[in-house]
$ cat coords32.cif   # mmCIF, C-alpha atoms and all ligand atoms
data_data
loop_
_atom_site.group_PDB
_atom_site.id
_atom_site.type_symbol
_atom_site.label_atom_id
_atom_site.label_comp_id
_atom_site.auth_asym_id
_atom_site.auth_seq_id
_atom_site.Cartn_x
_atom_site.Cartn_y
_atom_site.Cartn_z
ATOM 1 C CA MET A 29 10.046 -54.435 47.602
ATOM 2 C CA ASP A 30 7.107 -53.138 45.506
ATOM 3 C CA ARG A 31 8.212 -49.871 43.919
ATOM 4 C CA TYR A 32 6.241 -46.708 43.184
ATOM 5 C CA ALA A 33 7.320 -43.153 42.351
ATOM 6 C CA VAL A 34 6.180 -39.671 41.401
ATOM 7 C CA VAL A 35 7.613 -38.178 38.205
ATOM 8 C CA GLY A 36 7.664 -34.455 37.468
ATOM 9 C CA ASN A 37 9.802 -31.393 36.819
ATOM 10 C CA PRO A 38 10.460 -29.783 39.269
ATOM 11 C CA ILE A 39 10.059 -32.576 41.831
ATOM 12 C CA GLN A 40 12.396 -31.926 44.764
ATOM 13 C CA HIS A 41 9.729 -30.338 46.988
ATOM 14 C CA SER A 42 7.093 -33.027 46.369
ATOM 15 C CA LEU A 43 5.467 -34.380 49.536
ATOM 16 C CA SER A 44 4.095 -37.458 47.720
ATOM 17 C CA PRO A 45 6.770 -39.864 49.067
ATOM 18 C CA GLU A 46 6.013 -38.824 52.643
ATOM 19 C CA ILE A 47 2.266 -39.203 52.065
ATOM 20 C CA HIS A 48 2.528 -42.666 50.503
ATOM 21 C CA ARG A 49 4.887 -43.837 53.237
ATOM 22 C CA ALA A 50 2.317 -42.690 55.792
ATOM 23 C CA PHE A 51 -0.457 -44.587 53.936
ATOM 24 C CA ALA A 52 1.756 -47.695 53.842
ATOM 25 C CA ALA A 53 2.375 -47.440 57.581
ATOM 26 C CA GLN A 54 -1.375 -46.958 58.226
ATOM 27 C CA THR A 55 -2.441 -49.965 56.166
ATOM 28 C CA GLY A 56 0.527 -52.256 56.847
ATOM 29 C CA GLU A 57 1.448 -52.405 53.131
ATOM 30 C CA ARG A 58 5.142 -52.833 52.326
ATOM 31 C CA LEU A 59 6.353 -50.580 49.511
ATOM 32 C CA ARG A 60 8.980 -48.110 48.416
ATOM 33 C CA TYR A 61 8.059 -44.700 46.917
ATOM 34 C CA ASP A 62 10.634 -42.382 45.274
ATOM 35 C CA LYS A 63 10.812 -39.066 43.419
ATOM 36 C CA LEU A 64 11.874 -39.082 39.759
ATOM 37 C CA LEU A 65 13.046 -35.914 38.054
ATOM 38 C CA ALA A 66 12.533 -36.236 34.285
ATOM 39 C CA PRO A 67 13.800 -33.726 31.722
ATOM 40 C CA LYS A 68 10.943 -31.658 30.238
ATOM 41 C CA ASP A 69 11.061 -33.714 27.023
ATOM 42 C CA GLY A 70 11.902 -36.966 28.793
ATOM 43 C CA PHE A 71 8.685 -38.281 30.354
ATOM 44 C CA ALA A 72 8.350 -41.350 28.102
ATOM 45 C CA ALA A 73 11.976 -42.429 28.636
ATOM 46 C CA ALA A 74 11.681 -42.040 32.416
ATOM 47 C CA ALA A 75 8.396 -43.955 32.584
ATOM 48 C CA GLU A 76 9.688 -46.763 30.345
ATOM 49 C CA GLU A 77 12.829 -47.149 32.427
ATOM 50 C CA PHE A 78 10.826 -47.196 35.664
ATOM 51 C CA PHE A 79 8.390 -49.908 34.536
ATOM 52 C CA SER A 80 11.056 -52.037 32.803
ATOM 53 C CA ALA A 81 13.017 -52.034 36.056
ATOM 54 C CA GLY A 82 9.986 -53.611 37.784
ATOM 55 C CA GLY A 83 8.191 -50.478 39.072
ATOM 56 C CA LEU A 84 4.483 -51.059 39.767
ATOM 57 C CA GLY A 85 2.965 -47.575 39.705
ATOM 58 C CA LEU A 86 3.701 -43.935 38.955
ATOM 59 C CA ASN A 87 2.147 -40.680 40.001
ATOM 60 C CA VAL A 88 2.526 -37.988 37.368
ATOM 61 C CA THR A 89 2.741 -34.310 38.145
ATOM 62 C CA LEU A 90 3.377 -31.171 36.155
ATOM 63 C CA PRO A 91 4.190 -30.749 33.361
ATOM 64 C CA PHE A 92 3.655 -34.360 32.266
ATOM 65 C CA LYS A 93 -0.048 -35.173 32.768
ATOM 66 C CA ALA A 94 -1.059 -34.759 29.116
ATOM 67 C CA GLN A 95 2.082 -36.593 27.922
ATOM 68 C CA ALA A 96 1.285 -39.426 30.335
ATOM 69 C CA HIS A 97 -2.179 -39.730 28.793
ATOM 70 C CA ARG A 98 -0.605 -40.152 25.350
ATOM 71 C CA TRP A 99 1.940 -42.662 26.686
ATOM 72 C CA VAL A 100 -0.229 -45.205 28.547
ATOM 73 C CA SER A 101 -1.629 -48.271 26.741
ATOM 74 C CA ALA A 102 -5.128 -47.720 28.145
ATOM 75 C CA ALA A 103 -6.912 -45.173 30.312
ATOM 76 C CA ASP A 104 -9.974 -45.209 32.544
ATOM 77 C CA SER A 105 -12.966 -43.071 31.581
ATOM 78 C CA ALA A 106 -12.017 -40.091 33.823
ATOM 79 C CA ALA A 107 -8.520 -39.898 32.327
ATOM 80 C CA GLU A 108 -9.785 -40.530 28.812
ATOM 81 C CA HIS A 109 -12.348 -37.757 28.965
ATOM 82 C CA CYS A 110 -9.975 -35.142 30.316
ATOM 83 C CA GLY A 111 -6.888 -36.210 28.336
ATOM 84 C CA ALA A 112 -4.687 -36.088 31.457
ATOM 85 C CA VAL A 113 -3.242 -38.856 33.633
ATOM 86 C CA ASN A 114 -1.910 -38.433 37.180
ATOM 87 C CA THR A 115 -1.712 -42.115 38.174
ATOM 88 C CA ILE A 116 -0.368 -45.076 36.204
ATOM 89 C CA GLY A 117 -0.786 -48.689 37.227
ATOM 90 C CA LEU A 118 -0.258 -52.061 35.578
ATOM 91 C CA ASP A 119 -2.926 -54.473 34.407
ATOM 92 C CA ASN A 120 -1.489 -57.795 33.219
ATOM 93 C CA GLY A 121 1.760 -55.997 32.404
ATOM 94 C CA ALA A 122 0.093 -53.204 30.387
ATOM 95 C CA THR A 123 0.181 -49.593 31.602
ATOM 96 C CA VAL A 124 -3.189 -48.092 32.546
ATOM 97 C CA GLY A 125 -3.763 -44.374 33.190
ATOM 98 C CA PHE A 126 -6.126 -42.894 35.763
ATOM 99 C CA ASN A 127 -6.943 -39.389 36.867
ATOM 100 C CA THR A 128 -7.638 -38.961 40.579
ATOM 101 C CA ASP A 129 -7.134 -35.171 40.680
ATOM 102 C CA GLY A 130 -10.803 -34.262 40.267
ATOM 103 C CA LEU A 131 -11.909 -36.732 42.934
ATOM 104 C CA GLY A 132 -9.115 -35.502 45.223
ATOM 105 C CA LEU A 133 -10.128 -31.865 44.815
ATOM 106 C CA VAL A 134 -13.835 -32.493 45.390
ATOM 107 C CA ARG A 135 -13.115 -34.649 48.467
ATOM 108 C CA ASP A 136 -10.918 -31.900 49.922
ATOM 109 C CA LEU A 137 -13.506 -29.192 49.232
ATOM 110 C CA GLN A 138 -16.166 -31.366 50.911
ATOM 111 C CA ALA A 139 -13.940 -31.991 53.923
ATOM 112 C CA GLN A 140 -13.331 -28.254 54.200
ATOM 113 C CA ARG A 141 -17.093 -27.635 53.823
ATOM 114 C CA LEU A 142 -16.831 -25.549 50.684
ATOM 115 C CA GLU A 143 -20.015 -26.134 48.675
ATOM 116 C CA VAL A 144 -19.549 -26.366 44.891
ATOM 117 C CA ALA A 145 -23.192 -27.058 43.987
ATOM 118 C CA GLY A 146 -24.906 -24.029 42.489
ATOM 119 C CA ARG A 147 -21.713 -21.935 42.532
ATOM 120 C CA ARG A 148 -20.110 -19.945 39.710
ATOM 121 C CA LEU A 149 -16.477 -20.976 39.328
ATOM 122 C CA LEU A 150 -13.485 -19.242 37.768
ATOM 123 C CA VAL A 151 -10.599 -21.588 36.970
ATOM 124 C CA VAL A 152 -7.258 -20.018 36.053
ATOM 125 C CA GLY A 153 -4.975 -22.108 33.819
ATOM 126 C CA ALA A 154 -5.681 -24.666 31.124
ATOM 127 C CA GLY A 155 -2.982 -27.318 31.426
ATOM 128 C CA GLY A 156 -3.150 -30.926 32.547
ATOM 129 C CA ALA A 157 -4.042 -30.027 36.127
ATOM 130 C CA VAL A 158 -7.113 -28.050 35.073
ATOM 131 C CA ALA A 159 -8.187 -30.634 32.497
ATOM 132 C CA GLY A 160 -8.302 -33.190 35.311
ATOM 133 C CA ILE A 161 -10.698 -31.320 37.595
ATOM 134 C CA LEU A 162 -13.427 -30.000 35.274
ATOM 135 C CA ASP A 163 -15.561 -33.160 35.082
ATOM 136 C CA ALA A 164 -15.506 -33.612 38.850
ATOM 137 C CA LEU A 165 -16.487 -29.971 39.484
ATOM 138 C CA LEU A 166 -19.384 -30.260 37.038
ATOM 139 C CA ALA A 167 -20.457 -33.562 38.588
ATOM 140 C CA ALA A 168 -20.366 -31.853 42.006
ATOM 141 C CA GLY A 169 -23.008 -29.450 40.685
ATOM 142 C CA ALA A 170 -21.059 -26.311 39.731
ATOM 143 C CA GLU A 171 -23.500 -23.902 38.102
ATOM 144 C CA SER A 172 -20.923 -22.665 35.597
ATOM 145 C CA ILE A 173 -17.167 -22.709 35.034
ATOM 146 C CA HIS A 174 -15.172 -19.983 33.314
ATOM 147 C CA ILE A 175 -11.618 -20.974 32.340
ATOM 148 C CA ALA A 176 -9.128 -18.118 31.952
ATOM 149 C CA ASN A 177 -5.685 -18.836 30.550
ATOM 150 C CA ARG A 178 -2.647 -16.940 29.258
ATOM 151 C CA THR A 179 -3.067 -18.858 26.011
ATOM 152 C CA ALA A 180 -6.792 -18.362 25.402
ATOM 153 C CA SER A 181 -6.929 -21.031 22.679
ATOM 154 C CA LYS A 182 -6.021 -23.738 25.231
ATOM 155 C CA ALA A 183 -8.829 -22.578 27.530
ATOM 156 C CA LYS A 184 -11.247 -22.624 24.591
ATOM 157 C CA ALA A 185 -10.196 -26.130 23.575
ATOM 158 C CA LEU A 186 -11.006 -27.363 27.097
ATOM 159 C CA ALA A 187 -14.344 -25.529 27.119
ATOM 160 C CA VAL A 188 -15.379 -27.166 23.848
ATOM 161 C CA ARG A 189 -15.089 -30.589 25.489
ATOM 162 C CA HIS A 190 -17.708 -29.515 28.057
ATOM 163 C CA GLN A 191 -20.138 -27.701 25.822
ATOM 164 C CA GLY A 192 -22.730 -25.516 27.476
ATOM 165 C CA ARG A 193 -21.490 -25.221 31.048
ATOM 166 C CA VAL A 194 -17.890 -24.118 30.518
ATOM 167 C CA GLU A 195 -16.744 -20.825 28.999
ATOM 168 C CA ALA A 196 -13.252 -19.597 28.247
ATOM 169 C CA SER A 197 -11.196 -16.453 27.709
ATOM 170 C CA SER A 198 -7.747 -14.963 28.074
ATOM 171 C CA LEU A 199 -6.638 -13.822 31.560
ATOM 172 C CA LYS A 200 -7.554 -10.215 30.803
ATOM 173 C CA ASP A 201 -11.031 -10.805 29.405
ATOM 174 C CA VAL A 202 -12.811 -12.259 32.407
ATOM 175 C CA LYS A 203 -16.236 -10.617 32.801
ATOM 176 C CA GLY A 204 -18.672 -10.938 35.700
ATOM 177 C CA SER A 205 -18.071 -12.212 39.218
ATOM 178 C CA PHE A 206 -17.512 -15.630 40.787
ATOM 179 C CA ASP A 207 -18.138 -17.481 44.054
ATOM 180 C CA ILE A 208 -15.045 -19.678 43.824
ATOM 181 C CA VAL A 209 -11.688 -18.969 42.137
ATOM 182 C CA ILE A 210 -9.439 -21.981 41.557
ATOM 183 C CA ASN A 211 -5.839 -21.492 40.513
ATOM 184 C CA GLY A 212 -4.564 -24.231 38.230
ATOM 185 C CA ALA A 213 -1.745 -22.298 36.572
ATOM 186 C CA SER A 214 1.805 -23.238 37.488
ATOM 187 C CA ALA A 215 3.004 -19.616 37.556
ATOM 188 C CA GLY A 216 3.211 -19.918 41.372
ATOM 189 C CA LEU A 217 6.312 -22.039 40.870
ATOM 190 C CA GLN A 218 7.950 -18.882 39.506
ATOM 191 C CA GLY A 219 6.649 -16.919 42.499
ATOM 192 C CA LYS A 220 3.700 -15.348 40.671
ATOM 193 C CA GLY A 221 0.414 -15.082 42.581
ATOM 194 C CA GLY A 222 -2.798 -14.007 40.933
ATOM 195 C CA LEU A 223 -2.879 -13.819 37.163
ATOM 196 C CA VAL A 224 -6.305 -12.165 36.965
ATOM 197 C CA GLU A 225 -7.675 -8.880 38.289
ATOM 198 C CA PRO A 226 -7.739 -8.805 42.124
ATOM 199 C CA ARG A 227 -11.422 -7.772 42.077
ATOM 200 C CA LEU A 228 -12.231 -11.342 40.978
ATOM 201 C CA ALA A 229 -10.915 -12.729 44.280
ATOM 202 C CA ARG A 230 -12.609 -10.141 46.511
ATOM 203 C CA GLY A 231 -15.262 -11.864 48.637
ATOM 204 C CA ALA A 232 -14.702 -15.188 46.832
ATOM 205 C CA ALA A 233 -13.445 -18.539 48.086
ATOM 206 C CA CYS A 234 -9.977 -19.029 46.566
ATOM 207 C CA TYR A 235 -8.290 -22.420 46.188
ATOM 208 C CA ASP A 236 -4.818 -23.122 44.807
ATOM 209 C CA LEU A 237 -4.148 -26.505 43.206
ATOM 210 C CA LEU A 238 -0.495 -25.913 44.119
ATOM 211 C CA TYR A 239 0.612 -26.355 47.719
ATOM 212 C CA SER A 240 3.461 -25.368 49.961
ATOM 213 C CA GLU A 241 4.457 -26.711 53.344
ATOM 214 C CA ASP A 242 3.061 -23.693 55.229
ATOM 215 C CA GLY A 243 0.024 -23.256 52.959
ATOM 216 C CA GLN A 244 1.154 -19.786 51.911
ATOM 217 C CA THR A 245 1.554 -20.187 48.152
ATOM 218 C CA PRO A 246 1.963 -17.030 46.025
ATOM 219 C CA PHE A 247 -1.677 -17.423 44.887
ATOM 220 C CA CYS A 248 -2.925 -17.772 48.480
ATOM 221 C CA ARG A 249 -1.046 -14.628 49.549
ATOM 222 C CA TRP A 250 -2.401 -12.747 46.531
ATOM 223 C CA ALA A 251 -5.966 -13.876 47.315
ATOM 224 C CA GLN A 252 -5.688 -12.772 50.950
ATOM 225 C CA GLN A 253 -4.434 -9.366 49.861
ATOM 226 C CA ALA A 254 -7.241 -9.098 47.322
ATOM 227 C CA GLY A 255 -9.823 -9.618 50.079
ATOM 228 C CA ALA A 256 -10.851 -13.242 49.518
ATOM 229 C CA ALA A 257 -13.443 -14.590 51.953
ATOM 230 C CA TRP A 258 -11.745 -18.000 52.258
ATOM 231 C CA VAL A 259 -8.351 -19.263 51.064
ATOM 232 C CA SER A 260 -6.798 -22.717 50.818
ATOM 233 C CA ASP A 261 -3.785 -24.231 49.114
ATOM 234 C CA GLY A 262 -3.963 -27.691 47.556
ATOM 235 C CA LEU A 263 -2.304 -29.855 50.209
ATOM 236 C CA GLY A 264 -5.621 -31.506 51.055
ATOM 237 C CA MET A 265 -6.203 -32.271 47.377
ATOM 238 C CA LEU A 266 -2.691 -33.718 47.110
ATOM 239 C CA VAL A 267 -3.334 -36.076 50.006
ATOM 240 C CA GLU A 268 -6.803 -37.046 48.712
ATOM 241 C CA GLN A 269 -5.615 -37.732 45.138
ATOM 242 C CA ALA A 270 -2.753 -39.762 46.617
ATOM 243 C CA ALA A 271 -5.216 -41.787 48.715
ATOM 244 C CA ALA A 272 -7.245 -42.558 45.576
ATOM 245 C CA ALA A 273 -4.044 -43.601 43.752
ATOM 246 C CA PHE A 274 -3.002 -45.805 46.695
ATOM 247 C CA ALA A 275 -6.419 -47.487 46.625
ATOM 248 C CA ILE A 276 -6.032 -48.203 42.884
ATOM 249 C CA TRP A 277 -2.566 -49.732 43.385
ATOM 250 C CA ARG A 278 -3.025 -51.596 46.662
ATOM 251 C CA GLY A 279 -6.781 -52.158 46.932
ATOM 252 C CA ARG A 280 -6.786 -50.480 50.369
ATOM 253 C CA GLN A 281 -8.370 -47.084 51.114
ATOM 254 C CA PRO A 282 -6.138 -45.110 53.499
ATOM 255 C CA ASP A 283 -7.339 -42.397 55.893
ATOM 256 C CA ALA A 284 -6.356 -39.245 53.988
ATOM 257 C CA ARG A 285 -7.480 -36.747 56.633
ATOM 258 C CA ALA A 286 -5.333 -38.405 59.332
ATOM 259 C CA VAL A 287 -2.267 -37.992 57.113
ATOM 260 C CA LEU A 288 -3.212 -34.386 56.327
ATOM 261 C CA ARG A 289 -3.538 -33.624 60.049
ATOM 262 C CA ALA A 290 -0.075 -35.075 60.641
ATOM 263 C CA LEU A 291 1.404 -32.969 57.826
ATOM 264 C CA ARG A 292 -0.359 -29.787 58.886
ATOM 265 C CA PRO A 293 -1.641 -29.946 62.466
ATOM 266 C CA ASN A 294 -3.228 -26.460 62.354
ATOM 267 C CA GLN A 295 -5.468 -27.102 59.299
ATOM 268 C CA ALA A 296 -9.078 -27.270 60.458
ATOM 269 C CA ALA A 297 -10.424 -30.196 58.377
HETATM 270 P P1 LIG A 301 -0.050 -28.720 34.621
HETATM 271 O O1 LIG A 301 0.077 -30.187 34.366
HETATM 272 O O2 LIG A 301 0.308 -28.330 36.018
HETATM 273 O O3 LIG A 301 -1.376 -28.137 34.272
HETATM 274 P P2 LIG A 301 0.949 -27.476 32.257
HETATM 275 O O4 LIG A 301 0.150 -28.400 31.419
HETATM 276 O O5 LIG A 301 2.358 -27.140 31.871
HETATM 277 O O6 LIG A 301 1.083 -28.033 33.725
HETATM 278 O O7 LIG A 301 0.085 -26.114 32.433
HETATM 279 C C1 LIG A 301 0.577 -24.991 33.106
HETATM 280 C C2 LIG A 301 -0.501 -23.912 33.157
HETATM 281 O O8 LIG A 301 0.029 -22.770 33.854
HETATM 282 C C3 LIG A 301 -0.923 -23.400 31.796
HETATM 283 O O9 LIG A 301 -2.277 -22.983 31.878
HETATM 284 C C4 LIG A 301 0.016 -22.180 31.587
HETATM 285 O O10 LIG A 301 -0.478 -21.200 30.692
HETATM 286 P P3 LIG A 301 -0.267 -21.419 29.094
HETATM 287 O O11 LIG A 301 -1.271 -22.437 28.666
HETATM 288 O O12 LIG A 301 -0.503 -20.082 28.498
HETATM 289 O O13 LIG A 301 1.162 -21.904 28.928
HETATM 290 C C5 LIG A 301 0.014 -21.622 32.997
HETATM 291 N N1 LIG A 301 1.215 -20.816 33.267
HETATM 292 C C6 LIG A 301 2.444 -21.265 33.594
HETATM 293 N N2 LIG A 301 3.296 -20.243 33.812
HETATM 294 C C7 LIG A 301 2.576 -19.088 33.611
HETATM 295 C C8 LIG A 301 2.866 -17.694 33.714
HETATM 296 N N3 LIG A 301 4.082 -17.275 34.043
HETATM 297 N N4 LIG A 301 1.868 -16.814 33.461
HETATM 298 C C9 LIG A 301 0.621 -17.249 33.134
HETATM 299 N N5 LIG A 301 0.282 -18.564 33.034
HETATM 300 C C10 LIG A 301 1.240 -19.473 33.282
#
$ encode --input "coords32.cif" --output "structure tokens"
Amino acid sequence: MDRYAVVGNPIQHSLSPEIHRAFAAQTGERLRYDKLLAPKDGFAAAAEEFFSAGGLGLNVTLPFKAQAHRWVSAADSAAEHCGAVNTIGLDNGATVGFNTDGLGLVRDLQAQRLEVAGRRLLVVGAGGAVAGILDALLAAGAESIHIANRTASKAKALAVRHQGRVEASSLKDVKGSFDIVINGASAGLQGKGGLVEPRLARGAACYDLLYSEDGQTPFCRWAQQAGAAWVSDGLGMLVEQAAAAFAIWRGRQPDARAVLRALRPNQAA
């Protein structure tokens, strides 16, 4: 059977296998989709083993998106520009990298009726996940994006790639106020919620790129306590980026919102 997988560390709580199985059932495609745990320095070995054993496509999650970009033989323009890959496919036997995170995020925000156009955005974190969403947020019309990161130099390096509309600082040096706060730091995996001052979330729409089964990630709980006007975790983005990956691999566009409703019946959109 055609084999696909998601590779990351940690990986045990990933919902990607369930989502891709649901897409396969929806579209009548026959495939197998597994989880691969790779050691933190072992992405290349895991990916090589998977493709040499006949695997057809990989999803890549934290902390391997930048490593995956360096590993693939070629990358599409979205992945090339952001330097991060979340989907790998094969073209005539050669590995090709894509990035469907930005598209997935923007599709989820649209479905949840959160307008990005004309809004001032604060993005927390500057790893592979954040690199993957900046172009899509700018293309969706964001007025400005401020990236705040523990390691300020990484935020600044990302800002330089998007000269003019993206600024950067450390977590403590965020000035001004924002309409939308997006969390792209992985500190939630260690149970940490907000990494910036709570005043930045007050009255803002807050979105976590991380997700949890009940939608209550540490960042979402922090945002609620800080007085956010609207809060969402990233399950919708996960399903949407998966749908875009499925379409790349199988040439069929699944119904992402139907799968999201099945995973979380009480989510509005
Ligand atoms: P991903 O692919 O999910 O982006 P990553 O490239 O490892 O994974 O990036 C993780 C992000 O979370 C980084 O912005 C990291 O900050 P640094 O660049 O300073 O390392 C941030 N992060 C992770 N744990 C953190 C913590 N405990 N406190 C603050 N930031 C954290």
$ closest_residue --input "coords32.cif" --among "A:Leu223, A:Ala72, A:Ala185, A:Leu217" --to "Cys110 of chain A" --atoms "only C-alpha atoms"
A:Ala185
$ residues_around --input "coords32.cif" --residues "Val158 of chain A" --least-positions-apart "3" --cutoff "10 Å" --atoms "only C-alpha atoms" --output "ChimeraX atom specification"
/A:110,112,129-130,151-155,161-163,175,183,186,210-213,237
$ resolve_selection --input "coords32.cif" --expression "the PyMOL selection byres (((chain A and resi 198-206) around 12) and not hetatm)" --output "PyMOL selection string"
chain A and resi 144+146-154+170-184+195-197+207-211+213+222-234+256-257
$ closest_residue --input "coords32.cif" --among "A:Arg278, A:Lys68, A:Arg98, A:Arg289" --to "ligand LIG 301 (chain A)" --atoms "only C-alpha atoms and all ligand atoms"
A:Lys68
$ resolve_selection --input "coords32.cif" --expression "the PyMOL selection byres (((chain A and resi 124) around 9) and not hetatm)" --output "ChimeraX atom specification"
/A:100-104,115-119,122-123,125-126
$ closest_residue --input "coords32.cif" --among "A:Gly279, A:Gly70, A:Gly82, A:Gly243" --to "Asn294 of chain A" --atoms "all atoms listed in the file"
A:Gly243
$ axis_aligned_box --input "coords32.cif" --around "segment 182-197 of chain A" --padding-each-side "3 Å" --output "JSON"
{"center_x": -14.4, "center_y": -23.5, "center_z": 27.3, "size_x": 22.7, "size_y": 20.1, "size_z": 13.5}
$ closest_atom_pairs --input "coords32.cif" --of "segment 229-266 of chain A" --to "segment 35-41 of chain A" --cutoff "12 Å" --atoms "all atoms listed in the file" --output "Markdown table"
| residue | atom | partner | partner_atom | distance |
| --- | --- | --- | --- | --- |
| A:Leu238 | CA | A:His41 | CA | 11.5 |
| A:Tyr239 | CA | A:His41 | CA | 10.0 |
| A:Ser240 | CA | A:His41 | CA | 8.5 |
| A:Glu241 | CA | A:His41 | CA | 9.0 |
$ resolve_selection --input "coords32.cif" --expression "the PyMOL selection byres (((chain A and resi 259-272) around 8) and not hetatm)" --output "count of residues only"
41
$ atom_distance --input "coords32.cif" --atom1 "atom CA of Ala96 of chain A" --atom2 "atom CA of His190 of chain A"
21.5 Å
$ atom_distance --input "coords32.cif" --atom1 "atom CA of Leu84 of chain A" --atom2 "atom CA of Glu57 of chain A"
13.8 Å
$ closest_residue --input "coords32.cif" --among "A:Ser214, A:Trp277, A:Asn114, A:Glu46" --to "Gly85 of chain A" --atoms "all atoms listed in the file"
A:Trp277
$ atom_distance --input "coords32.cif" --atom1 "atom C8 of ligand LIG 301 (chain A)" --atom2 "atom CA of Asn127 of chain A"
24.0 Å
$ closest_residue --input "coords32.cif" --among "A:Ala33, A:Leu165, A:Val194, A:Leu90" --to "ligand LIG 301 (chain A)" --atoms "all atoms listed in the file"
A:Leu90
$ closest_residue --input "coords32.cif" --among "A:Gly169, A:Gly111, A:Gly121, A:Gly219" --to "Ser80 of chain A" --atoms "only C-alpha atoms"
A:Gly121
$ residues_around --input "coords32.cif" --residues "Arg60 of chain A" --least-positions-apart "3" --cutoff "7 Å" --atoms "all atoms listed in the file" --output "list in words"
Met29, Asp30, Arg31 and Tyr32 of chain A
